[in-house]
$ cat work27.pdb   # PDB, C-alpha atoms and all ligand atoms
ATOM      1  CA  MET A   1      64.260 115.034 112.243  1.00  0.00           C
ATOM      2  CA  PHE A   2      64.956 111.333 112.707  1.00  0.00           C
ATOM      3  CA  LEU A   3      68.680 111.163 113.268  1.00  0.00           C
ATOM      4  CA  SER A   4      70.606 108.364 111.555  1.00  0.00           C
ATOM      5  CA  ARG A   5      74.180 107.139 111.481  1.00  0.00           C
ATOM      6  CA  LEU A   6      75.838 105.474 108.506  1.00  0.00           C
ATOM      7  CA  VAL A   7      79.213 103.712 108.647  1.00  0.00           C
ATOM      8  CA  TYR A   8      81.141 102.182 105.750  1.00  0.00           C
ATOM      9  CA  TYR A   9      84.669 101.201 104.851  1.00  0.00           C
ATOM     10  CA  SER A  10      86.509 101.143 101.530  1.00  0.00           C
ATOM     11  CA  ARG A  11      89.886 100.895  99.821  1.00  0.00           C
ATOM     12  CA  PRO A  12      91.571 104.086  98.547  1.00  0.00           C
ATOM     13  CA  VAL A  13      92.554 104.081  94.868  1.00  0.00           C
ATOM     14  CA  GLY A  14      95.756 105.901  93.830  1.00  0.00           C
ATOM     15  CA  LEU A  15      95.430 108.646  96.431  1.00  0.00           C
ATOM     16  CA  GLY A  16      97.992 111.209  97.535  1.00  0.00           C
ATOM     17  CA  ASP A  17      97.863 113.442 100.610  1.00  0.00           C
ATOM     18  CA  ALA A  18      96.542 116.314  98.471  1.00  0.00           C
ATOM     19  CA  ASP A  19      93.562 114.179  97.416  1.00  0.00           C
ATOM     20  CA  VAL A  20      92.688 113.455 101.032  1.00  0.00           C
ATOM     21  CA  THR A  21      92.921 117.173 101.816  1.00  0.00           C
ATOM     22  CA  ASP A  22      90.596 117.876  98.846  1.00  0.00           C
ATOM     23  CA  ILE A  23      88.084 115.304 100.081  1.00  0.00           C
ATOM     24  CA  LEU A  24      88.123 116.745 103.597  1.00  0.00           C
ATOM     25  CA  THR A  25      87.837 120.365 102.503  1.00  0.00           C
ATOM     26  CA  LYS A  26      84.884 119.550 100.239  1.00  0.00           C
ATOM     27  CA  SER A  27      83.327 117.302 102.910  1.00  0.00           C
ATOM     28  CA  CYS A  28      83.432 119.980 105.611  1.00  0.00           C
ATOM     29  CA  ALA A  29      81.839 122.571 103.313  1.00  0.00           C
ATOM     30  CA  ASN A  30      79.113 120.243 101.982  1.00  0.00           C
ATOM     31  CA  ASN A  31      78.332 118.509 105.286  1.00  0.00           C
ATOM     32  CA  TYR A  32      77.974 121.769 107.182  1.00  0.00           C
ATOM     33  CA  LEU A  33      75.239 122.866 104.761  1.00  0.00           C
ATOM     34  CA  LYS A  34      73.365 119.572 105.234  1.00  0.00           C
ATOM     35  CA  HIS A  35      73.778 119.341 109.029  1.00  0.00           C
ATOM     36  CA  ILE A  36      75.854 116.197 108.576  1.00  0.00           C
ATOM     37  CA  SER A  37      78.569 115.405 111.107  1.00  0.00           C
ATOM     38  CA  GLY A  38      81.087 112.567 111.077  1.00  0.00           C
ATOM     39  CA  ALA A  39      84.611 111.223 111.044  1.00  0.00           C
ATOM     40  CA  LEU A  40      86.914 109.867 108.347  1.00  0.00           C
ATOM     41  CA  PHE A  41      89.724 107.436 109.179  1.00  0.00           C
ATOM     42  CA  TYR A  42      92.471 106.993 106.564  1.00  0.00           C
ATOM     43  CA  ASN A  43      95.648 104.973 107.058  1.00  0.00           C
ATOM     44  CA  GLY A  44      96.877 104.680 103.467  1.00  0.00           C
ATOM     45  CA  SER A  45      95.200 101.285 102.971  1.00  0.00           C
ATOM     46  CA  TRP A  46      91.663 101.817 104.255  1.00  0.00           C
ATOM     47  CA  PHE A  47      89.008 104.462 104.638  1.00  0.00           C
ATOM     48  CA  VAL A  48      86.440 104.103 107.427  1.00  0.00           C
ATOM     49  CA  GLN A  49      83.819 106.828 107.594  1.00  0.00           C
ATOM     50  CA  ALA A  50      80.887 107.584 109.896  1.00  0.00           C
ATOM     51  CA  LEU A  51      78.208 110.052 108.781  1.00  0.00           C
ATOM     52  CA  GLU A  52      75.332 111.338 110.916  1.00  0.00           C
ATOM     53  CA  GLY A  53      72.301 113.410 110.054  1.00  0.00           C
ATOM     54  CA  ALA A  54      68.825 113.173 108.551  1.00  0.00           C
ATOM     55  CA  ARG A  55      68.180 109.983 106.594  1.00  0.00           C
ATOM     56  CA  GLY A  56      67.448 111.662 103.218  1.00  0.00           C
ATOM     57  CA  PRO A  57      70.623 113.770 102.962  1.00  0.00           C
ATOM     58  CA  LEU A  58      72.684 110.866 104.329  1.00  0.00           C
ATOM     59  CA  THR A  59      71.352 108.514 101.658  1.00  0.00           C
ATOM     60  CA  GLU A  60      72.047 111.045  98.885  1.00  0.00           C
ATOM     61  CA  LEU A  61      75.570 111.663 100.188  1.00  0.00           C
ATOM     62  CA  PHE A  62      76.368 107.983 100.530  1.00  0.00           C
ATOM     63  CA  LEU A  63      75.288 107.300  96.932  1.00  0.00           C
ATOM     64  CA  LYS A  64      77.627 110.093  95.788  1.00  0.00           C
ATOM     65  CA  ILE A  65      80.510 108.824  97.926  1.00  0.00           C
ATOM     66  CA  ALA A  66      79.998 105.208  96.835  1.00  0.00           C
ATOM     67  CA  ALA A  67      80.314 106.290  93.178  1.00  0.00           C
ATOM     68  CA  ASP A  68      83.518 108.271  93.821  1.00  0.00           C
ATOM     69  CA  LYS A  69      86.428 106.769  91.855  1.00  0.00           C
ATOM     70  CA  ARG A  70      88.965 107.755  94.506  1.00  0.00           C
ATOM     71  CA  HIS A  71      88.082 104.611  96.429  1.00  0.00           C
ATOM     72  CA  ALA A  72      86.664 101.138  95.727  1.00  0.00           C
ATOM     73  CA  ASN A  73      85.134  98.088  97.425  1.00  0.00           C
ATOM     74  CA  VAL A  74      82.788 100.281  99.450  1.00  0.00           C
ATOM     75  CA  ARG A  75      81.095  98.165 102.151  1.00  0.00           C
ATOM     76  CA  LEU A  76      78.210  99.494 104.212  1.00  0.00           C
ATOM     77  CA  VAL A  77      78.556  98.436 107.864  1.00  0.00           C
ATOM     78  CA  GLU A  78      75.415 100.020 109.329  1.00  0.00           C
ATOM     79  CA  PHE A  79      72.724 102.589 108.628  1.00  0.00           C
ATOM     80  CA  THR A  80      70.583 102.945 111.739  1.00  0.00           C
ATOM     81  CA  PHE A  81      68.428 105.437 113.593  1.00  0.00           C
ATOM     82  CA  VAL A  82      70.283 106.843 116.620  1.00  0.00           C
ATOM     83  CA  SER A  83      69.193 109.021 119.537  1.00  0.00           C
ATOM     84  CA  GLN A  84      72.263 111.270 119.493  1.00  0.00           C
ATOM     85  CA  ARG A  85      75.323 112.127 117.436  1.00  0.00           C
ATOM     86  CA  LEU A  86      78.712 110.625 118.313  1.00  0.00           C
ATOM     87  CA  PHE A  87      80.576 113.211 116.197  1.00  0.00           C
ATOM     88  CA  ALA A  88      78.490 116.321 116.880  1.00  0.00           C
ATOM     89  CA  GLU A  89      81.587 118.539 117.126  1.00  0.00           C
ATOM     90  CA  TRP A  90      82.730 117.962 113.543  1.00  0.00           C
ATOM     91  CA  ASP A  91      81.475 118.397 109.967  1.00  0.00           C
ATOM     92  CA  MET A  92      84.097 115.766 109.154  1.00  0.00           C
ATOM     93  CA  ARG A  93      86.737 114.817 111.714  1.00  0.00           C
ATOM     94  CA  TYR A  94      89.927 113.549 110.103  1.00  0.00           C
ATOM     95  CA  ILE A  95      91.682 110.622 111.814  1.00  0.00           C
ATOM     96  CA  GLY A  96      95.018 109.534 110.358  1.00  0.00           C
ATOM     97  CA  GLY A  97      96.789 106.350 111.358  1.00  0.00           C
ATOM     98  CA  GLY A  98      99.517 106.714 113.979  1.00  0.00           C
ATOM     99  CA  GLU A  99     101.087 105.371 117.155  1.00  0.00           C
ATOM    100  CA  ALA A 100      98.511 106.867 119.512  1.00  0.00           C
ATOM    101  CA  GLN A 101      95.789 105.021 117.624  1.00  0.00           C
ATOM    102  CA  GLU A 102      97.443 101.591 117.620  1.00  0.00           C
ATOM    103  CA  ALA A 103      96.361 100.504 121.127  1.00  0.00           C
ATOM    104  CA  ILE A 104      92.739 101.401 120.411  1.00  0.00           C
ATOM    105  CA  ILE A 105      92.768  99.660 117.040  1.00  0.00           C
ATOM    106  CA  HIS A 106      94.249  96.570 118.714  1.00  0.00           C
ATOM    107  CA  LYS A 107      91.349  96.511 121.210  1.00  0.00           C
ATOM    108  CA  PHE A 108      88.795  96.353 118.376  1.00  0.00           C
ATOM    109  CA  MET A 109      90.929  94.403 115.877  1.00  0.00           C
ATOM    110  CA  PRO A 110      93.439  92.195 117.760  1.00  0.00           C
ATOM    111  CA  ALA A 111      94.639  90.538 114.532  1.00  0.00           C
ATOM    112  CA  GLY A 112      95.514  93.869 112.867  1.00  0.00           C
ATOM    113  CA  PHE A 113      93.517  96.522 111.036  1.00  0.00           C
ATOM    114  CA  ASP A 114      90.767  94.779 109.081  1.00  0.00           C
ATOM    115  CA  PRO A 115      87.248  96.274 109.120  1.00  0.00           C
ATOM    116  CA  ASN A 116      85.867  92.979 107.782  1.00  0.00           C
ATOM    117  CA  LEU A 117      86.475  91.456 111.219  1.00  0.00           C
ATOM    118  CA  VAL A 118      84.397  93.972 113.195  1.00  0.00           C
ATOM    119  CA  THR A 119      80.908  92.486 113.360  1.00  0.00           C
ATOM    120  CA  GLU A 120      79.411  93.784 116.620  1.00  0.00           C
ATOM    121  CA  SER A 121      76.690  96.384 116.033  1.00  0.00           C
ATOM    122  CA  GLY A 122      77.913  99.931 116.645  1.00  0.00           C
ATOM    123  CA  ALA A 123      81.522  98.845 117.195  1.00  0.00           C
ATOM    124  CA  MET A 124      82.976 100.620 114.161  1.00  0.00           C
ATOM    125  CA  ALA A 125      81.403 103.947 115.153  1.00  0.00           C
ATOM    126  CA  ARG A 126      82.730 103.540 118.714  1.00  0.00           C
ATOM    127  CA  LEU A 127      86.184 102.744 117.323  1.00  0.00           C
ATOM    128  CA  LEU A 128      86.148 105.972 115.287  1.00  0.00           C
ATOM    129  CA  ARG A 129      85.015 107.994 118.307  1.00  0.00           C
ATOM    130  CA  GLU A 130      87.794 106.551 120.501  1.00  0.00           C
ATOM    131  CA  LEU A 131      90.338 107.248 117.764  1.00  0.00           C
ATOM    132  CA  ALA A 132      89.067 110.826 117.408  1.00  0.00           C
ATOM    133  CA  ASP A 133      89.533 111.318 121.143  1.00  0.00           C
ATOM    134  CA  VAL A 134      93.265 110.440 121.014  1.00  0.00           C
ATOM    135  CA  THR A 135      93.987 112.249 117.745  1.00  0.00           C
ATOM    136  CA  PRO A 136      95.372 115.721 118.472  1.00  0.00           C
ATOM    137  CA  ALA A 137      95.065 118.827 116.284  1.00  0.00           C
ATOM    138  CA  ASP A 138      92.076 118.593 113.980  1.00  0.00           C
ATOM    139  CA  PRO A 139      92.945 120.574 110.853  1.00  0.00           C
ATOM    140  CA  TYR A 140      89.306 120.492 109.744  1.00  0.00           C
ATOM    141  CA  PRO A 141      87.238 121.899 112.643  1.00  0.00           C
ATOM    142  CA  ARG A 142      83.507 122.628 112.445  1.00  0.00           C
ATOM    143  CA  SER A 143      83.002 125.751 110.320  1.00  0.00           C
TER     144      SER A 143
HETATM  145  P1  LIG B 201      82.185 118.507  92.913  1.00  0.00           P
HETATM  146  O1  LIG B 201      83.229 118.680  93.976  1.00  0.00           O
HETATM  147  O2  LIG B 201      81.938 119.610  91.975  1.00  0.00           O
HETATM  148  O3  LIG B 201      82.594 117.156  92.138  1.00  0.00           O
HETATM  149  C1  LIG B 201      81.921 116.719  90.966  1.00  0.00           C
HETATM  150  C2  LIG B 201      82.322 115.299  90.617  1.00  0.00           C
HETATM  151  O4  LIG B 201      83.740 115.141  90.414  1.00  0.00           O
HETATM  152  C3  LIG B 201      81.958 114.293  91.706  1.00  0.00           C
HETATM  153  O5  LIG B 201      81.361 113.187  91.084  1.00  0.00           O
HETATM  154  C4  LIG B 201      83.284 113.885  92.344  1.00  0.00           C
HETATM  155  O6  LIG B 201      83.210 112.537  92.829  1.00  0.00           O
HETATM  156  C5  LIG B 201      84.269 114.089  91.231  1.00  0.00           C
HETATM  157  N1  LIG B 201      85.595 114.537  91.699  1.00  0.00           N
HETATM  158  C6  LIG B 201      85.860 115.711  92.304  1.00  0.00           C
HETATM  159  N2  LIG B 201      87.181 115.823  92.564  1.00  0.00           N
HETATM  160  C7  LIG B 201      87.752 114.665  92.106  1.00  0.00           C
HETATM  161  C8  LIG B 201      89.078 114.179  92.091  1.00  0.00           C
HETATM  162  N3  LIG B 201      90.115 114.901  92.572  1.00  0.00           N
HETATM  163  N4  LIG B 201      89.299 112.953  91.559  1.00  0.00           N
HETATM  164  C9  LIG B 201      88.296 112.214  91.081  1.00  0.00           C
HETATM  165  N5  LIG B 201      87.007 112.630  91.060  1.00  0.00           N
HETATM  166  C10 LIG B 201      86.752 113.840  91.555  1.00  0.00           C
HETATM  167  N6  LIG B 201      81.769 114.479 100.097  1.00  0.00           N
HETATM  168  C11 LIG B 201      80.981 115.127 100.989  1.00  0.00           C
HETATM  169  O7  LIG B 201      80.282 116.064 100.616  1.00  0.00           O
HETATM  170  N7  LIG B 201      80.956 114.742 102.304  1.00  0.00           N
HETATM  171  C12 LIG B 201      81.700 113.693 102.781  1.00  0.00           C
HETATM  172  O8  LIG B 201      81.653 113.407 103.987  1.00  0.00           O
HETATM  173  C13 LIG B 201      82.517 112.991 101.861  1.00  0.00           C
HETATM  174  N8  LIG B 201      83.294 111.954 102.254  1.00  0.00           N
HETATM  175  C14 LIG B 201      84.060 111.298 101.329  1.00  0.00           C
HETATM  176  C15 LIG B 201      84.828 110.223 101.731  1.00  0.00           C
HETATM  177  C16 LIG B 201      85.603 109.522 100.802  1.00  0.00           C
HETATM  178  C17 LIG B 201      86.425 108.336 101.259  1.00  0.00           C
HETATM  179  C18 LIG B 201      85.620 109.921  99.454  1.00  0.00           C
HETATM  180  C19 LIG B 201      86.457 109.177  98.449  1.00  0.00           C
HETATM  181  C20 LIG B 201      84.868 111.005  99.039  1.00  0.00           C
HETATM  182  C21 LIG B 201      84.093 111.705  99.964  1.00  0.00           C
HETATM  183  N9  LIG B 201      83.331 112.803  99.586  1.00  0.00           N
HETATM  184  C22 LIG B 201      82.533 113.442 100.500  1.00  0.00           C
HETATM  185  C23 LIG B 201      83.380 113.334  98.223  1.00  0.00           C
HETATM  186  C24 LIG B 201      82.194 112.877  97.421  1.00  0.00           C
HETATM  187  O9  LIG B 201      82.405 111.575  96.918  1.00  0.00           O
HETATM  188  C25 LIG B 201      81.954 113.823  96.261  1.00  0.00           C
HETATM  189  O10 LIG B 201      83.139 113.964  95.523  1.00  0.00           O
HETATM  190  C26 LIG B 201      81.541 115.199  96.734  1.00  0.00           C
HETATM  191  O11 LIG B 201      80.507 115.136  97.698  1.00  0.00           O
HETATM  192  C27 LIG B 201      81.039 115.953  95.489  1.00  0.00           C
HETATM  193  O12 LIG B 201      80.882 117.255  95.860  1.00  0.00           O
HETATM  194  P2  LIG B 201      80.078 118.214  94.909  1.00  0.00           P
HETATM  195  O13 LIG B 201      78.700 117.666  94.734  1.00  0.00           O
HETATM  196  O14 LIG B 201      80.192 119.573  95.503  1.00  0.00           O
HETATM  197  O15 LIG B 201      80.743 118.077  93.483  1.00  0.00           O
END

$ encode --input "work27.pdb" --output "structure tokens"
Amino acid sequence: MFLSRLVYYSRPVGLGDADVTDILTKSCANNYLKHISGALFYNGSWFVQALEGARGPLTELFLKIAADKRHANVRLVEFTFVSQRLFAEWDMRYIGGGEAQEAIIHKFMPAGFDPNLVTESGAMARLLRELADVTPADPYPRS
């Protein structure tokens, strides 16, 4: 299998906490079956998601996600072949916004959280990995 990583960001549309829980529950179940790993950041204003796996299933999943009405303005940041997974431990690691994350976000986005301003290749995936590392208690562990 040629391993790939896809990263995008988007704007949530009319979401409540229960909707995010629904998305994560469904994501963990579906991704496990397709050997897809990843992380989903959500801070109330933005989603940033990284997905890793074989190129075919990743493409199919991204098309489904991009058409999902629970978010809008979906922007693909990168879709590249990679030698190893950054999020191998998780079907879908949830990362909420919070104090512990602020210092890391500031390092990548000194002017405040805005994914449009992150242009260096691979930076968004590294940001998600660093955020995952400081986020305690993952309610959605690998099945
Ligand atoms: P079903 O769950 O049976 O859904 C059928 C259809 O109904 C889909 O088109 C779905 O978009 C829509 N739908 C379901 N529930 C709702 C709802 N509450 N409100 C509006 N529409 C709804 N899915 C994954 O499998 N893996 C992921 O990593 C993943 N990440 C996501 C990240 C974000 C930010 C968002 C918004 C969605 C994500 N999803 C993810 C969900 C994805 O868009 C599809 O909803 C899901 O994959 C469909 O699963 P299913 O084929 O089993 O269909």

$ residues_around --input "work27.pdb" --residues "segment 108-110 of chain A" --least-positions-apart "3" --cutoff "12 Å" --atoms "all atoms listed in the file" --output "list in words"
Gln101, Glu102, Ala103, Ile104, Ile105, Phe113, Asp114, Pro115, Asn116, Leu117, Val118, Thr119, Glu120, Gly122, Ala123, Met124, Ala125, Arg126, Leu127, Leu128, Glu130 and Leu131 of chain A

$ write_last_selection --input "work27.pdb" --atoms "C-alpha atoms" --output "short mmCIF file (atom, residue, chain, number, x, y, z; two decimals), keeping the file's coordinate frame"
data_model
loop_
_atom_site.label_atom_id
_atom_site.label_comp_id
_atom_site.auth_asym_id
_atom_site.auth_seq_id
_atom_site.Cartn_x
_atom_site.Cartn_y
_atom_site.Cartn_z
CA GLN A 101 95.79 105.02 117.62
CA GLU A 102 97.44 101.59 117.62
CA ALA A 103 96.36 100.50 121.13
CA ILE A 104 92.74 101.40 120.41
CA ILE A 105 92.77 99.66 117.04
CA PHE A 113 93.52 96.52 111.04
CA ASP A 114 90.77 94.78 109.08
CA PRO A 115 87.25 96.27 109.12
CA ASN A 116 85.87 92.98 107.78
CA LEU A 117 86.48 91.46 111.22
CA VAL A 118 84.40 93.97 113.20
CA THR A 119 80.91 92.49 113.36
CA GLU A 120 79.41 93.78 116.62
CA GLY A 122 77.91 99.93 116.64
CA ALA A 123 81.52 98.84 117.20
CA MET A 124 82.98 100.62 114.16
CA ALA A 125 81.40 103.95 115.15
CA ARG A 126 82.73 103.54 118.71
CA LEU A 127 86.18 102.74 117.32
CA LEU A 128 86.15 105.97 115.29
CA GLU A 130 87.79 106.55 120.50
CA LEU A 131 90.34 107.25 117.76
#

$ residues_near_point --input "work27.pdb" --point "(76.8, 117.3, 105.1)" --cutoff "12 Å" --atoms "all atoms listed in the file" --output "ChimeraX atom specification"
/A:24-39,50-62,64-65,88,90-92,142-143

$ axis_aligned_box --input "work27.pdb" --around "ligand LIG 201 (chain B)" --padding-each-side "4 Å" --output "AutoDock Vina command-line options"
--center_x 84.4 --center_y 114.0 --center_z 97.2 --size_x 19.4 --size_y 19.3 --size_z 21.6

$ atom_distance --input "work27.pdb" --atom1 "atom CA of Pro136 of chain A" --atom2 "atom CA of Val20 of chain A"
17.8 Å

$ resolve_selection --input "work27.pdb" --expression "the PyMOL selection byres (((chain A and resi 135) around 9) and not hetatm)" --output "MDAnalysis selection string"
chainID A and resid 94:96 98 100:101 130:134 136:138

$ resolve_selection --input "work27.pdb" --expression "the PyMOL selection byres (((chain A and resi 48) around 8) and not hetatm)" --output "compact mmCIF listing (two decimals) with C-alpha atoms, in the coordinates of the input"
# COMPACT_ATOMS: atom_id res chain seq x y z
CA VAL A 7 79.21 103.71 108.65
CA TYR A 8 81.14 102.18 105.75
CA TYR A 9 84.67 101.20 104.85
CA SER A 10 86.51 101.14 101.53
CA LEU A 40 86.91 109.87 108.35
CA PHE A 41 89.72 107.44 109.18
CA TYR A 42 92.47 106.99 106.56
CA TRP A 46 91.66 101.82 104.26
CA PHE A 47 89.01 104.46 104.64
CA GLN A 49 83.82 106.83 107.59
CA ALA A 50 80.89 107.58 109.90

$ atom_distance --input "work27.pdb" --atom1 "atom C20 of ligand LIG 201 (chain B)" --atom2 "atom CA of Lys107 of chain A"
27.3 Å

$ closest_residue --input "work27.pdb" --among "A:Ser83, A:Ser121, A:Asn73, A:Ser4" --to "ligand LIG 201 (chain B)" --atoms "all atoms listed in the file"
A:Asn73

$ atom_distance --input "work27.pdb" --atom1 "atom C1 of ligand LIG 201 (chain B)" --atom2 "atom CA of Pro12 of chain A"
17.6 Å

$ closest_residue --input "work27.pdb" --among "A:Met1, A:Leu15, A:Asp68, A:Gly44" --to "ligand LIG 201 (chain B)" --atoms "all atoms listed in the file"
A:Asp68

$ resolve_selection --input "work27.pdb" --expression "the PyMOL selection byres (((chain A and resi 70) around 9) and not hetatm)" --output "PyMOL selection string"
chain A and resi 11-15+19+67-69+71-72

$ write_last_selection --input "work27.pdb" --atoms "C-alpha atoms" --output "PDB file, in the frame of the given file"
ATOM      1  CA  ARG A  11      89.886 100.895  99.821  1.00  0.00           C
ATOM      2  CA  PRO A  12      91.571 104.086  98.547  1.00  0.00           C
ATOM      3  CA  VAL A  13      92.554 104.081  94.868  1.00  0.00           C
ATOM      4  CA  GLY A  14      95.756 105.901  93.830  1.00  0.00           C
ATOM      5  CA  LEU A  15      95.430 108.646  96.431  1.00  0.00           C
ATOM      6  CA  ASP A  19      93.562 114.179  97.416  1.00  0.00           C
ATOM      7  CA  ALA A  67      80.314 106.290  93.178  1.00  0.00           C
ATOM      8  CA  ASP A  68      83.518 108.271  93.821  1.00  0.00           C
ATOM      9  CA  LYS A  69      86.428 106.769  91.855  1.00  0.00           C
ATOM     10  CA  HIS A  71      88.082 104.611  96.429  1.00  0.00           C
ATOM     11  CA  ALA A  72      86.664 101.138  95.727  1.00  0.00           C
TER      12      ALA A  72
END

$ residues_around --input "work27.pdb" --residues "Phe81 of chain A" --least-positions-apart "3" --cutoff "7 Å" --atoms "only C-alpha atoms" --output "list in words"
Phe2, Leu3, Ser4 and Arg5 of chain A

$ build_atoms --input "work27.pdb" --residues "segment 24-35 of chain A" --atoms "N, CA and C atoms" --output "PDB file, keeping the file's coordinate frame"
ATOM      1  N   LEU A  24      88.529 116.200 102.291  1.00  0.00           N
ATOM      2  CA  LEU A  24      88.123 116.745 103.597  1.00  0.00           C
ATOM      3  C   LEU A  24      87.609 118.179 103.486  1.00  0.00           C
ATOM      4  N   THR A  25      88.270 118.971 102.668  1.00  0.00           N
ATOM      5  CA  THR A  25      87.837 120.365 102.503  1.00  0.00           C
ATOM      6  C   THR A  25      86.424 120.410 101.934  1.00  0.00           C
ATOM      7  N   LYS A  26      86.203 119.609 100.877  1.00  0.00           N
ATOM      8  CA  LYS A  26      84.884 119.550 100.239  1.00  0.00           C
ATOM      9  C   LYS A  26      83.852 118.981 101.216  1.00  0.00           C
ATOM     10  N   SER A  27      84.251 117.947 101.968  1.00  0.00           N
ATOM     11  CA  SER A  27      83.327 117.302 102.910  1.00  0.00           C
ATOM     12  C   SER A  27      82.861 118.292 103.971  1.00  0.00           C
ATOM     13  N   CYS A  28      83.810 119.039 104.548  1.00  0.00           N
ATOM     14  CA  CYS A  28      83.432 119.980 105.611  1.00  0.00           C
ATOM     15  C   CYS A  28      82.447 121.013 105.078  1.00  0.00           C
ATOM     16  N   ALA A  29      82.727 121.544 103.881  1.00  0.00           N
ATOM     17  CA  ALA A  29      81.839 122.571 103.313  1.00  0.00           C
ATOM     18  C   ALA A  29      80.448 121.988 103.021  1.00  0.00           C
ATOM     19  N   ASN A  30      80.401 120.845 102.360  1.00  0.00           N
ATOM     20  CA  ASN A  30      79.113 120.243 101.982  1.00  0.00           C
ATOM     21  C   ASN A  30      78.334 119.773 103.216  1.00  0.00           C
ATOM     22  N   ASN A  31      79.023 119.114 104.136  1.00  0.00           N
ATOM     23  CA  ASN A  31      78.332 118.509 105.286  1.00  0.00           C
ATOM     24  C   ASN A  31      77.737 119.578 106.198  1.00  0.00           C
ATOM     25  N   TYR A  32      78.471 120.671 106.352  1.00  0.00           N
ATOM     26  CA  TYR A  32      77.974 121.769 107.182  1.00  0.00           C
ATOM     27  C   TYR A  32      76.604 122.233 106.676  1.00  0.00           C
ATOM     28  N   LEU A  33      76.491 122.369 105.349  1.00  0.00           N
ATOM     29  CA  LEU A  33      75.239 122.866 104.761  1.00  0.00           C
ATOM     30  C   LEU A  33      74.090 121.883 104.963  1.00  0.00           C
ATOM     31  N   LYS A  34      74.410 120.598 105.097  1.00  0.00           N
ATOM     32  CA  LYS A  34      73.365 119.572 105.234  1.00  0.00           C
ATOM     33  C   LYS A  34      73.221 119.052 106.665  1.00  0.00           C
ATOM     34  N   HIS A  35      73.846 119.737 107.612  1.00  0.00           N
ATOM     35  CA  HIS A  35      73.778 119.341 109.029  1.00  0.00           C
ATOM     36  C   HIS A  35      74.245 117.898 109.217  1.00  0.00           C
TER      37      HIS A  35
END
